[in-house]
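*Asks:* Pasting a structure below so you can have a look.
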Number of protein chains: 2
Amino acid sequence: MKIALAQLNYHIGNFESNTNKIIAHIHEAKEKGADLVVFSELCVCGYPARDFLEFREFINLCEEAANKIAEECVGIACIIGLPTPNNNPEGKDLNNSAYFIEDGKVKAIVNKALLPNYDVFDEYRYFEPSTSFNCINFKGKRIALTICEDLWNTIENPLYITRPMDVLMKQNPDVMINIAASPFAYNHDEERIDILSDNASRYNLPLFYVNHVGAQTELIFDGGSLVFDNQGKLADEMPYFVERMAYYTLDDNAQISFDHTSTIKPGRESNIEQIHQGLILGIRDYFYKSGFKQAILGLSGGIDSAVVCALAAEALGAENVMAVLLPSKFSSDHSIKDAEDLVTNLGCMSQTVAIAKITDAVEEQLHPQFENLPFNIAEENIQSRSRAVVLMAMCNKFGYILLNTSNKSEAAVGYGTLYGDMCGGISVLGDVYKTQVFELARHINKDKEIIPINSIIKPPSAELRPGQKDSDSLPEYDILDKIIEEYVEHRCSSAEIVKLGYDAPTVQRVIRLINLAEHKRYQTPPILRVSPKAFGMGRRMPIVGKYLS
Amino acid sequence: MKIALAQLNYHIGNFESNTNKIIAHIHEAKEKGADLVVFSELCVCGYPARDFLEFREFINLCEEAANKIAEECVGIACIIGLPTPNNNPEGKDLNNSAYFIEDGKVKAIVNKALLPNYDVFDEYRYFEPSTSFNCINFKGKRIALTICEDLWNTIENPLYITRPMDVLMKQNPDVMINIAASPFAYNHDEERIDILSDNASRYNLPLFYVNHVGAQTELIFDGGSLVFDNQGKLADEMPYFVERMAYYTLDDNAQISFDHTSTIKPGRESNIEQIHQGLILGIRDYFYKSGFKQAILGLSGGIDSAVVCALAAEALGAENVMAVLLPSKFSSDHSIKDAEDLVTNLGCMSQTVAIAKITDAVEEQLHPQFENLPFNIAEENIQSRSRAVVLMAMCNKFGYILLNTSNKSEAAVGYGTLYGDMCGGISVLGDVYKTQVFELARHINKDKEIIPINSIIKPPSAELRPGQKDSDSLPEYDILDKIIEEYVEHRCSSAEIVKLGYDAPTVQRVIRLINLAEHKRYQTPPILRVSPKAFGMGRRMPIVGKYLS
């Protein structure tokens, strides 16, 4: 049996483009002699469609698209994923389904049983879990078809749902196929390989796994579809962050062969290399899928905006990036010079709009209210918000989308101004710690100096008052980032973090800052997710609550 | 048996205050001779605690608090709600539990089976549903104790979970007790009474139902705890939006009696009266529970900010409300006069900060970029954002919280400026349609003219360009609001809405505007929820997606 795995980039709700793409790949696979072509989970509508799934019209359009695909699927079989109505009027409205289509007809329907409902996932919001399972007979082989989480036996799955493979094994399957929409995090590729390999060896079956690729707002799907032999040995690994179709032959002895040069990665890429590729895809798809072409950002001369500018230029083309220098009276000469050097190195567009006259006007109008009160955070924020007014005016006038340049460390401790530097359509670095931003900058510079070295080595500063440095009010970033990781990603208490060897008052202060900033993070842009626990939809905290520290 | 129902306002994560409040009410109930005092769902930690529940320390603190409460519960029994670890290492980490405590000991533990996971609810994110059920024997009676959704038999509950009452009935209970955290929506009180009455009559058992009261950020819990006899007849209805403890005697013939004057509402309050009360509680608890006292808002002379100002003055005291007039060159004289009249009527603080010099400064600095381009939405938004810069500077200087004044109609169609008038700590009217805002204004004026009549009767305008009126770019609000309701609340397609008798191009334009504004709504403040479907946590749309219209 010749199996094609189609690792493709879908657009949520864009039935026309998704359907056309699926049909084109069915035709291509047929021409290449494949018996079966496998697409990823919920490919017909894109993933995650979220509350689109509550619209009856949306579900009808999924069915229409599936019918159109079935019509074109002649002389070959395919597996596609789509939401379907749950026929039982009790229970949830939908199933998360896979259609097995052969010669124009839906020959089998498989529904997902294990529905992830943690972190960024909300599948119990929409779907009824399946409780009955059957292998699919095709060309003399019995296929055990499952959907994504159905094979993630090790994760906190609910007790009351049967694991599909426990049932399917009783029907003596010859091969496992799993269709997935598994989002990127810098450590998730290894985890996926381990868990899927365990499945292949435990059940003594070859396994074909097709993942989604492409970004959907904050979630980046990294592809990396996988093929295992029945010992659990990795037979092939498709490339990451790109669309690809690959062909495999499964013989009667469960042996897998293929013509192409294997793309199994010889070693693990660094986290930073993966994050780099993920962010490029995240930026590109955000613009492409929302129908915008050009980005704008404020360039301070510091490392965060420099890295965002370089990534945007790579993702969108330097000619589509407008960097705006917005010096205030506290901006140092070297900052302006560093920003100008970056613009020269990248060849992007740039403008300079000084903000001193704007902040002066604000302060003058507020003089009766603020008279005799000392300069404080109010005046600092006036600068940051005046920059936002200028950048957003340029967005409104010229159709740019503003890129947010805050990093995860700042977002965590609230070191940023709401409606100021926390503005933007999408946050590029909001899931990248400051220490990782430094690594990313060096990574971007690996072949030549794109980001001025001075932006990398100078002490970080918001330059909102004379001589200000981040380290005046925050611990050093290597300490800060570790404390944030323990609290946010591992949900450790302050006592547990102190036990790891950190200074107790520092830990308590950092946790307090994180908690105090919940209301700010509530109103920030979607953040491109690259870690196992990003701020945003994967972390849902009460705003008004009494916090632990 | 004498049963006390304690309808109380808890603070999420504030174990000290919640525990003390529970203990004080146990003592009071004991003094009044009660055998049992019943508190609401998850009262120990507050509801919804969201991802606090993922912190081990938080769960430990819940257990500690429960132990403290148990120690004080001597000579009386009580029912409290708290999250508890799921002892089975597989499955979700927690149960949503009720402790039945008698004479200092936890005598029985009941876990919730039906876990809501729709709209604003995410209970499958945290909790393992219960699959075993037992009545509690107390003073010669068998109590069938369930938690909130466990009695909501009619709602799309999953098929694979047993309904607790189906099992409990086999044990011949004498009485049902249900502890709840059921949030307010203007039509939810009637629904609750109907469903609970159905339960009492179907099972032929008296029913005691205790609800949470108080606001937790966007969710307002309205209390209105209920008592039904075994025919399903409403025996008592506790007051809405206030804390209350009430006592009931259940005799051996399942008859219910009580000493106090029944607070059953003679008729249904209007939606607007309920919304009014809900918003007052929402504002008050937002400030009180986040430790702030004073609100600020921009007063335009229009109806939305006038209504918010009046509500804030009622909730917080006029002396704690700072109204800021922020006239631009397009502000009409009557707007300023209307705003001033409101300030006089309410007796709140006020300041005037003209923004023309600020907007002039922004436009002057952008002159090289904007030269020769016509005035458009960019300049309109500069005005709105300049006002936000001023208001936020006053927040930062004086410790006010900014109240957002956008209504649901504007929030729906994106008729507002991100980082401008869409700013704020909490949105007061974001779930109130413009047509309801008019009703609310008249309701507030029912005894005397608080909101200047001119603010109510003049044509709505954002006053961002000369002579601008809302109706220039939007359909009339009575039409607009209906279309929004059909699309957002009922998830109708444009074709379905047109069939209801609305003009097709208008319907399509409104739906398109709603879809285009998703990215704006993503970044807006939490919205006090008063309808069955509010923007915010209860409506989760993809940002980057191809929309249906």
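Identifiers for the structure tokens are assigned positionally: chains receive A, B, ... in sequence, residues are indexed from 1 per chain, and ligands are indexed from 1 in the order shown.
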Please determine the contact residues of chain A with respect to chain B at a cut-off of 6 Å, counting only C-alpha atoms, and supply them as a PyMOL selection string.
*Replies:* chain A and resi 12-14+50-51+55+90-92+117-118+125+156-159+217+290+358+361-362+378+393+396-397+419+491+523-524+540-541+544-546
*Asks:* Those residues with N, CA and C atoms, as a compact mmCIF listing (two decimals), in the first residue's frame please?
*Replies:*
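The result, written out as result-v8.txt:
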# COMPACT_ATOMS: atom_id res chain seq x y z
N ILE A 12 -8.17 28.99 8.97
CA ILE A 12 -9.43 28.73 9.68
C ILE A 12 -10.60 29.40 8.98
N GLY A 13 -11.60 28.61 8.66
CA GLY A 13 -12.84 29.15 8.06
C GLY A 13 -12.75 29.47 6.58
N ASN A 14 -11.57 29.31 6.00
CA ASN A 14 -11.43 29.60 4.56
C ASN A 14 -11.68 28.30 3.78
N ARG A 50 -12.33 27.32 17.24
CA ARG A 50 -12.93 27.92 18.46
C ARG A 50 -14.46 28.07 18.30
N ASP A 51 -15.01 29.23 18.69
CA ASP A 51 -16.48 29.33 18.71
C ASP A 51 -17.13 29.45 17.33
N PHE A 55 -21.50 27.88 15.32
CA PHE A 55 -22.38 28.39 14.27
C PHE A 55 -22.82 27.23 13.36
N GLU A 90 -28.81 14.48 22.86
CA GLU A 90 -28.19 14.78 24.14
C GLU A 90 -26.68 14.81 23.94
N GLY A 91 -25.98 15.33 24.89
CA GLY A 91 -24.53 15.43 24.77
C GLY A 91 -24.14 16.64 23.97
N LYS A 92 -22.86 16.80 23.76
CA LYS A 92 -22.33 17.94 23.03
C LYS A 92 -22.82 17.92 21.58
N ASN A 117 -8.31 19.35 26.93
CA ASN A 117 -9.03 20.49 27.49
C ASN A 117 -8.17 21.19 28.54
N TYR A 118 -6.88 21.28 28.25
CA TYR A 118 -5.94 21.92 29.17
C TYR A 118 -5.15 22.95 28.36
N ARG A 125 -15.36 21.80 25.10
CA ARG A 125 -16.34 22.88 24.91
C ARG A 125 -17.28 22.56 23.75
N GLU A 156 -2.75 13.47 31.34
CA GLU A 156 -3.93 13.48 32.20
C GLU A 156 -5.22 13.42 31.38
N ASN A 157 -5.57 12.24 30.93
CA ASN A 157 -6.84 12.08 30.23
C ASN A 157 -7.90 11.61 31.20
N PRO A 158 -9.14 11.95 30.94
CA PRO A 158 -10.17 11.57 31.89
C PRO A 158 -10.33 10.06 31.98
N LEU A 159 -10.76 9.62 33.14
CA LEU A 159 -10.81 8.19 33.44
C LEU A 159 -11.96 7.47 32.77
N THR A 217 -3.15 32.68 14.36
CA THR A 217 -2.99 33.72 15.37
C THR A 217 -1.84 33.34 16.30
N SER A 290 -4.46 37.39 7.55
CA SER A 290 -5.38 38.48 7.83
C SER A 290 -5.40 39.50 6.70
N ILE A 358 4.93 66.26 21.83
CA ILE A 358 3.66 65.65 22.21
C ILE A 358 3.60 65.49 23.73
N ALA A 361 3.04 68.72 25.36
CA ALA A 361 1.65 69.18 25.26
C ALA A 361 0.77 68.49 26.29
N VAL A 362 0.98 67.17 26.45
CA VAL A 362 0.19 66.43 27.45
C VAL A 362 0.46 66.98 28.84
N ALA A 378 3.72 58.25 36.04
CA ALA A 378 2.72 58.90 35.17
C ALA A 378 3.42 59.54 33.96
N ALA A 393 -1.50 55.95 14.68
CA ALA A 393 -1.96 56.90 13.66
C ALA A 393 -1.37 56.50 12.30
N ASN A 396 -3.31 53.55 11.06
CA ASN A 396 -4.62 53.96 10.54
C ASN A 396 -4.49 54.67 9.20
N LYS A 397 -3.42 55.45 9.04
CA LYS A 397 -3.29 56.21 7.79
C LYS A 397 -2.81 55.33 6.64
N TYR A 419 -1.43 50.25 26.84
CA TYR A 419 -1.77 51.25 25.82
C TYR A 419 -0.54 52.05 25.37
N ARG A 491 4.28 26.27 37.96
CA ARG A 491 3.30 26.56 39.03
C ARG A 491 3.86 26.23 40.42
N GLN A 523 -5.18 42.62 28.57
CA GLN A 523 -5.49 43.51 27.46
C GLN A 523 -4.39 43.58 26.41
N THR A 524 -3.47 42.64 26.43
CA THR A 524 -2.38 42.71 25.45
C THR A 524 -2.70 41.89 24.21
N ARG A 540 -5.06 31.13 32.20
CA ARG A 540 -6.30 31.87 32.43
C ARG A 540 -6.46 32.17 33.91
N MET A 541 -6.07 33.37 34.27
CA MET A 541 -6.08 33.73 35.68
C MET A 541 -7.23 34.69 35.96
N VAL A 544 -9.44 39.89 39.31
CA VAL A 544 -9.66 40.33 40.68
C VAL A 544 -9.61 39.09 41.56
N GLY A 545 -8.54 38.93 42.26
CA GLY A 545 -8.41 37.80 43.16
C GLY A 545 -7.33 38.16 44.15
N LYS A 546 -7.32 37.47 45.25
CA LYS A 546 -6.26 37.68 46.21
C LYS A 546 -5.18 36.67 45.85
*Asks:* Excluding range 455-459 of chain A and any residue of its chain fewer than 3 positions from it, enumerate the residues within 8 Å of it, using only C-alpha atoms, and give them as a list of chain:residue names.
*Replies:*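 Here the qualifying residues turn out to be A:Gly301, A:Gly302, A:Ile303, A:Ala306, A:Ser335, A:Asp338, A:Phe438, A:Ala441, A:Ile451, A:Pro452, A:Lys469, A:Asp470.
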*Asks:* Between CA of Leu474 in chain B and CA of Asn515 in chain B, measure the distance and give it in Å to one decimal.
*Replies:* 15.1 Å
*Asks:* Applying 9 Å and only C-alpha atoms, which residues near Glu463 in chain A remain after dropping the ones on its own chain fewer than 6 positions away? List them as a ChimeraX atom specification.
*Replies:* /A:300,328,330-332,380,469
*Asks:* So which bits of range 135-193 of chain B end up strand (DSSP E or B) when you DSSP the backbone, as a list in words?
*Replies:*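 Listing strand (DSSP E or B) positions across range 135-193 of chain B yields Ile136, Asn137, Phe138, Lys141, Arg142, Ile143, Ala144, Leu145, Thr146, Ile147, Val175, Met176, Ile177, Asn178, Ile179, Ala180 and Pro183 of chain B.
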*Asks:* Only N, CA, C and O atoms, please: the residues just picked out, written as a PDB file, in the first residue's frame.
*Replies:*
ATOM      1  N   ILE B 136     -26.338  11.248  52.179  1.00  0.00           N
ATOM      2  CA  ILE B 136     -25.715  11.502  53.476  1.00  0.00           C
ATOM      3  C   ILE B 136     -26.791  11.350  54.544  1.00  0.00           C
ATOM      4  O   ILE B 136     -27.863  11.948  54.440  1.00  0.00           O
ATOM      5  N   ASN B 137     -26.521  10.536  55.561  1.00  0.00           N
ATOM      6  CA  ASN B 137     -27.469  10.358  56.659  1.00  0.00           C
ATOM      7  C   ASN B 137     -27.190  11.392  57.727  1.00  0.00           C
ATOM      8  O   ASN B 137     -26.065  11.508  58.217  1.00  0.00           O
ATOM      9  N   PHE B 138     -28.214  12.157  58.045  1.00  0.00           N
ATOM     10  CA  PHE B 138     -28.032  13.199  59.048  1.00  0.00           C
ATOM     11  C   PHE B 138     -29.346  13.412  59.782  1.00  0.00           C
ATOM     12  O   PHE B 138     -30.377  13.669  59.161  1.00  0.00           O
ATOM     13  N   LYS B 141     -32.406  11.784  58.499  1.00  0.00           N
ATOM     14  CA  LYS B 141     -32.823  12.048  57.118  1.00  0.00           C
ATOM     15  C   LYS B 141     -31.683  11.699  56.152  1.00  0.00           C
ATOM     16  O   LYS B 141     -30.510  11.821  56.486  1.00  0.00           O
ATOM     17  N   ARG B 142     -32.093  11.283  54.964  1.00  0.00           N
ATOM     18  CA  ARG B 142     -31.100  11.021  53.915  1.00  0.00           C
ATOM     19  C   ARG B 142     -31.063  12.226  52.966  1.00  0.00           C
ATOM     20  O   ARG B 142     -32.070  12.541  52.306  1.00  0.00           O
ATOM     21  N   ILE B 143     -29.899  12.847  52.906  1.00  0.00           N
ATOM     22  CA  ILE B 143     -29.747  14.053  52.077  1.00  0.00           C
ATOM     23  C   ILE B 143     -29.104  13.675  50.742  1.00  0.00           C
ATOM     24  O   ILE B 143     -28.044  13.045  50.714  1.00  0.00           O
ATOM     25  N   ALA B 144     -29.756  14.062  49.656  1.00  0.00           N
ATOM     26  CA  ALA B 144     -29.148  13.925  48.323  1.00  0.00           C
ATOM     27  C   ALA B 144     -28.479  15.255  48.004  1.00  0.00           C
ATOM     28  O   ALA B 144     -29.135  16.221  47.616  1.00  0.00           O
ATOM     29  N   LEU B 145     -27.162  15.292  48.210  1.00  0.00           N
ATOM     30  CA  LEU B 145     -26.404  16.529  48.018  1.00  0.00           C
ATOM     31  C   LEU B 145     -25.769  16.539  46.621  1.00  0.00           C
ATOM     32  O   LEU B 145     -25.066  15.587  46.258  1.00  0.00           O
ATOM     33  N   THR B 146     -26.032  17.566  45.857  1.00  0.00           N
ATOM     34  CA  THR B 146     -25.420  17.703  44.528  1.00  0.00           C
ATOM     35  C   THR B 146     -24.858  19.111  44.368  1.00  0.00           C
ATOM     36  O   THR B 146     -25.130  19.996  45.183  1.00  0.00           O
ATOM     37  N   ILE B 147     -24.079  19.286  43.302  1.00  0.00           N
ATOM     38  CA  ILE B 147     -23.402  20.568  43.088  1.00  0.00           C
ATOM     39  C   ILE B 147     -23.860  21.165  41.766  1.00  0.00           C
ATOM     40  O   ILE B 147     -23.668  20.571  40.695  1.00  0.00           O
ATOM     41  N   VAL B 175     -34.521  14.580  51.089  1.00  0.00           N
ATOM     42  CA  VAL B 175     -34.402  15.996  50.724  1.00  0.00           C
ATOM     43  C   VAL B 175     -33.221  16.164  49.763  1.00  0.00           C
ATOM     44  O   VAL B 175     -32.245  15.404  49.828  1.00  0.00           O
ATOM     45  N   MET B 176     -33.348  17.127  48.867  1.00  0.00           N
ATOM     46  CA  MET B 176     -32.218  17.475  47.989  1.00  0.00           C
ATOM     47  C   MET B 176     -31.614  18.799  48.459  1.00  0.00           C
ATOM     48  O   MET B 176     -32.348  19.744  48.787  1.00  0.00           O
ATOM     49  N   ILE B 177     -30.288  18.839  48.453  1.00  0.00           N
ATOM     50  CA  ILE B 177     -29.586  20.113  48.664  1.00  0.00           C
ATOM     51  C   ILE B 177     -28.654  20.296  47.471  1.00  0.00           C
ATOM     52  O   ILE B 177     -27.973  19.357  47.053  1.00  0.00           O
ATOM     53  N   ASN B 178     -28.663  21.501  46.924  1.00  0.00           N
ATOM     54  CA  ASN B 178     -27.768  21.794  45.797  1.00  0.00           C
ATOM     55  C   ASN B 178     -27.017  23.077  46.104  1.00  0.00           C
ATOM     56  O   ASN B 178     -27.618  24.090  46.451  1.00  0.00           O
ATOM     57  N   ILE B 179     -25.684  23.005  46.003  1.00  0.00           N
ATOM     58  CA  ILE B 179     -24.873  24.214  46.228  1.00  0.00           C
ATOM     59  C   ILE B 179     -24.355  24.684  44.877  1.00  0.00           C
ATOM     60  O   ILE B 179     -23.905  23.886  44.058  1.00  0.00           O
ATOM     61  N   ALA B 180     -24.430  25.996  44.639  1.00  0.00           N
ATOM     62  CA  ALA B 180     -24.205  26.489  43.283  1.00  0.00           C
ATOM     63  C   ALA B 180     -23.332  27.731  43.237  1.00  0.00           C
ATOM     64  O   ALA B 180     -23.131  28.425  44.236  1.00  0.00           O
ATOM     65  N   PRO B 183     -23.905  32.216  37.610  1.00  0.00           N
ATOM     66  CA  PRO B 183     -23.777  33.659  37.372  1.00  0.00           C
ATOM     67  C   PRO B 183     -25.046  34.286  36.812  1.00  0.00           C
ATOM     68  O   PRO B 183     -25.864  33.625  36.174  1.00  0.00           O
TER      69      PRO B 183
END
*Asks:* So how far away is CA of Glu489 in chain A from CA of Gly501 in chain A, in Å?
*Replies:* 17.7 Å
*Asks:* Can you pull out every residue within 12 Å of Lys448 in chain B, counting only C-alpha atoms, but drop anything in the same chain fewer than 6 positions away, and send it as an mmCIF file with N, CA, C and O atoms, in the first residue's frame?
*Replies:*
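Produced file out.cif, reproduced below:
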data_model
loop_
_atom_site.group_PDB
_atom_site.id
_atom_site.type_symbol
_atom_site.label_atom_id
_atom_site.label_comp_id
_atom_site.auth_asym_id
_atom_site.auth_seq_id
_atom_site.Cartn_x
_atom_site.Cartn_y
_atom_site.Cartn_z
ATOM 1 N N ASN B 345 -25.559 67.358 39.016
ATOM 2 C CA ASN B 345 -26.627 66.497 39.542
ATOM 3 C C ASN B 345 -26.089 65.415 40.471
ATOM 4 O O ASN B 345 -26.721 65.067 41.463
ATOM 5 N N LEU B 346 -24.927 64.872 40.122
ATOM 6 C CA LEU B 346 -24.383 63.768 40.910
ATOM 7 C C LEU B 346 -23.564 64.234 42.101
ATOM 8 O O LEU B 346 -23.452 63.533 43.096
ATOM 9 N N ALA B 441 -30.830 54.644 31.296
ATOM 10 C CA ALA B 441 -30.785 56.081 31.614
ATOM 11 C C ALA B 441 -32.138 56.541 32.143
ATOM 12 O O ALA B 441 -32.222 57.253 33.152
ATOM 13 N N ARG B 442 -33.200 56.098 31.482
ATOM 14 C CA ARG B 442 -34.546 56.499 31.942
ATOM 15 C C ARG B 442 -34.849 55.886 33.306
ATOM 16 O O ARG B 442 -35.481 56.507 34.163
#
*Asks:* Find the residues near Leu207 in chain A: any atom within 9 Å, counting only C-alpha atoms, skip ones fewer than 6 places away on the same chain, and give them as number ranges by chain.
*Replies:* A: 175-178, 196-197, 199-200, 226-230, 232
*Asks:* Under the rule that only C-alpha atoms are counted, which of B:His260, B:Lys170, B:Arg244, B:Arg509 is the nearest residue to His25 in chain B?
*Replies:* B:Arg244
*Asks:* Within 8 Å of Lys68 in chain B, counting only C-alpha atoms, which residues qualify if same-chain residues fewer than 4 places away don't, as a list in words?
*Replies:*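 Listing them by chain and then by number gives Thr19, Glu64 and Glu72 of chain B.
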*Asks:* List the spatial neighbours of Phe133 in chain B as a PyMOL selection string - criterion: any atom at most 8 Å away, only C-alpha atoms, same-chain residues fewer than 5 positions off excluded.
*Replies:* chain B and resi 110+164+167-168
